[in-house]
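In what follows, a structure is listed as structure tokens, so that the remarks can point back to it.
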Amino acid sequence: MAHFSYRANLWALKQLGVDLVLATTAVGSLSEDFKRGTLVVFGIDFVYSIIHFHQNFDYNLDNFIDMTKHRPNTFYDHEPGHLEGVMHMSMHPPYDRELRQLLIQSCAETPDVTYKEKSTVVVIEGPNFSTYAENKVFISWGCTTIGMTQTPETILAKELGLAYGA
């Protein structure tokens, strides 16, 4: 299995002065509403989700569920050269709000593009696909898409203060 260093790549971007990351990620559909070729813009308006949380909780909030097991997902790990201390960081919203709006606007202005503004993605370890039984569980959790690459990248970018969109 190929090793991909999410930490090294994001650390290098930060050191180069990059402050915005637009990631592409291939995902599969767990919902008939998400047809092949549909673009998904991940992220949700923070105020909207707080209102929903307190009034009528929407279990299909636009977010991710990290089911990976073997990927380093922090720079606060006490390793030489990494960030010192401990960081207990909120992951809501996981994606940058302004970048998300730009992506939605670009999709809306592009002819013949089918897109969704909301999806909860479950991120699995890979390289094998999930079983039907696992998919059934993920669907019961409100997941509409499934992928292998959004975490730990989303988490690491947030730790470094990088605006992140996918």
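Identifiers in this document derive from the order of the structure tokens: chains are assigned A, B, ..., residues are numbered from 1 separately in each chain, and ligands are numbered from 1 in order of occurrence.
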*Who sits within 8 Å of Phe42 (chain A), only C-alpha atoms, same chain under 3 positions skipped, as a VMD selection string*: chain A and resid 62 to 63 95 100 117 to 120 165 to 166
*Do you know which residues are at most 8 Å from region 129-146 of chain A counting only C-alpha atoms, after dropping those on the same chain fewer than 3 positions away, and could you put them as a PyMOL selection string?*
chain A and resi 27-31+34+59-60+119-124+126
_Run DSSP on the backbone and tell me which residues of region 26-161 of chain A come out as strand (DSSP E or B); list them as a VMD selection string._
chain A and resid 27 to 29 39 to 40 63 to 66 115 to 116 120 to 123 145 to 147
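Across A:Leu16, A:Leu22, A:Val41, A:Leu162, the tightest approach to Tyr115 (chain A) is made by A:Val41 when counting only C-alpha atoms.
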*Based on DSSP run over this structure's backbone, return all residues of chain A in alpha helix (DSSP H), as a PyMOL selection string.*
chain A and resi 6-15+46-55+97-109+132-140+153-159
Generate a file of the selected residues that holds C-alpha atoms, formatted as an mmCIF file, in the first residue's frame.
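The result, stored in part.cif:
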```
data_model
loop_
_atom_site.group_PDB
_atom_site.id
_atom_site.type_symbol
_atom_site.label_atom_id
_atom_site.label_comp_id
_atom_site.auth_asym_id
_atom_site.auth_seq_id
_atom_site.Cartn_x
_atom_site.Cartn_y
_atom_site.Cartn_z
ATOM 1 C CA TYR A 6 -0.726 14.328 4.608
ATOM 2 C CA ARG A 7 1.231 16.042 7.369
ATOM 3 C CA ALA A 8 4.352 16.624 5.276
ATOM 4 C CA ASN A 9 2.371 18.031 2.361
ATOM 5 C CA LEU A 10 0.299 20.426 4.464
ATOM 6 C CA TRP A 11 3.316 21.473 6.539
ATOM 7 C CA ALA A 12 5.196 22.285 3.310
ATOM 8 C CA LEU A 13 2.267 24.359 2.026
ATOM 9 C CA LYS A 14 2.156 26.301 5.302
ATOM 10 C CA GLN A 15 5.918 26.910 5.198
ATOM 11 C CA PHE A 46 -22.075 27.607 10.848
ATOM 12 C CA VAL A 47 -25.080 29.697 11.918
ATOM 13 C CA TYR A 48 -27.495 27.398 10.075
ATOM 14 C CA SER A 49 -26.176 24.303 11.807
ATOM 15 C CA ILE A 50 -26.275 25.887 15.267
ATOM 16 C CA ILE A 51 -29.897 26.937 14.727
ATOM 17 C CA HIS A 52 -30.754 23.440 13.538
ATOM 18 C CA PHE A 53 -28.914 21.857 16.430
ATOM 19 C CA HIS A 54 -30.914 23.765 19.013
ATOM 20 C CA GLN A 55 -34.318 23.713 17.311
ATOM 21 C CA ARG A 97 -17.110 29.114 4.840
ATOM 22 C CA GLU A 98 -15.905 31.716 2.301
ATOM 23 C CA LEU A 99 -14.172 29.151 0.108
ATOM 24 C CA ARG A 100 -17.311 27.019 0.207
ATOM 25 C CA GLN A 101 -19.431 29.941 -1.038
ATOM 26 C CA LEU A 102 -16.973 30.571 -3.894
ATOM 27 C CA LEU A 103 -17.157 26.911 -4.903
ATOM 28 C CA ILE A 104 -20.960 26.952 -4.859
ATOM 29 C CA GLN A 105 -21.022 30.157 -6.908
ATOM 30 C CA SER A 106 -18.611 28.653 -9.447
ATOM 31 C CA CYS A 107 -20.741 25.518 -9.762
ATOM 32 C CA ALA A 108 -23.922 27.582 -10.162
ATOM 33 C CA GLU A 109 -22.343 29.696 -12.904
ATOM 34 C CA TYR A 132 -22.552 -3.716 2.192
ATOM 35 C CA ALA A 133 -23.102 -4.109 5.935
ATOM 36 C CA GLU A 134 -20.784 -1.164 6.645
ATOM 37 C CA ASN A 135 -22.557 0.920 4.010
ATOM 38 C CA LYS A 136 -25.885 0.146 5.653
ATOM 39 C CA VAL A 137 -24.511 1.456 8.974
ATOM 40 C CA PHE A 138 -23.076 4.581 7.311
ATOM 41 C CA ILE A 139 -26.417 5.289 5.634
ATOM 42 C CA SER A 140 -28.204 4.895 8.988
ATOM 43 C CA GLU A 153 -6.168 16.378 5.617
ATOM 44 C CA THR A 154 -9.185 18.420 6.741
ATOM 45 C CA ILE A 155 -8.146 18.146 10.402
ATOM 46 C CA LEU A 156 -4.488 18.959 9.755
ATOM 47 C CA ALA A 157 -5.306 21.986 7.606
ATOM 48 C CA LYS A 158 -7.509 23.338 10.378
ATOM 49 C CA GLU A 159 -4.723 22.862 12.943
#
```
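The gap separating CA of Ser90 (chain A) from CA of Phe64 (chain A) is 13.1 Å, in Å to one decimal.
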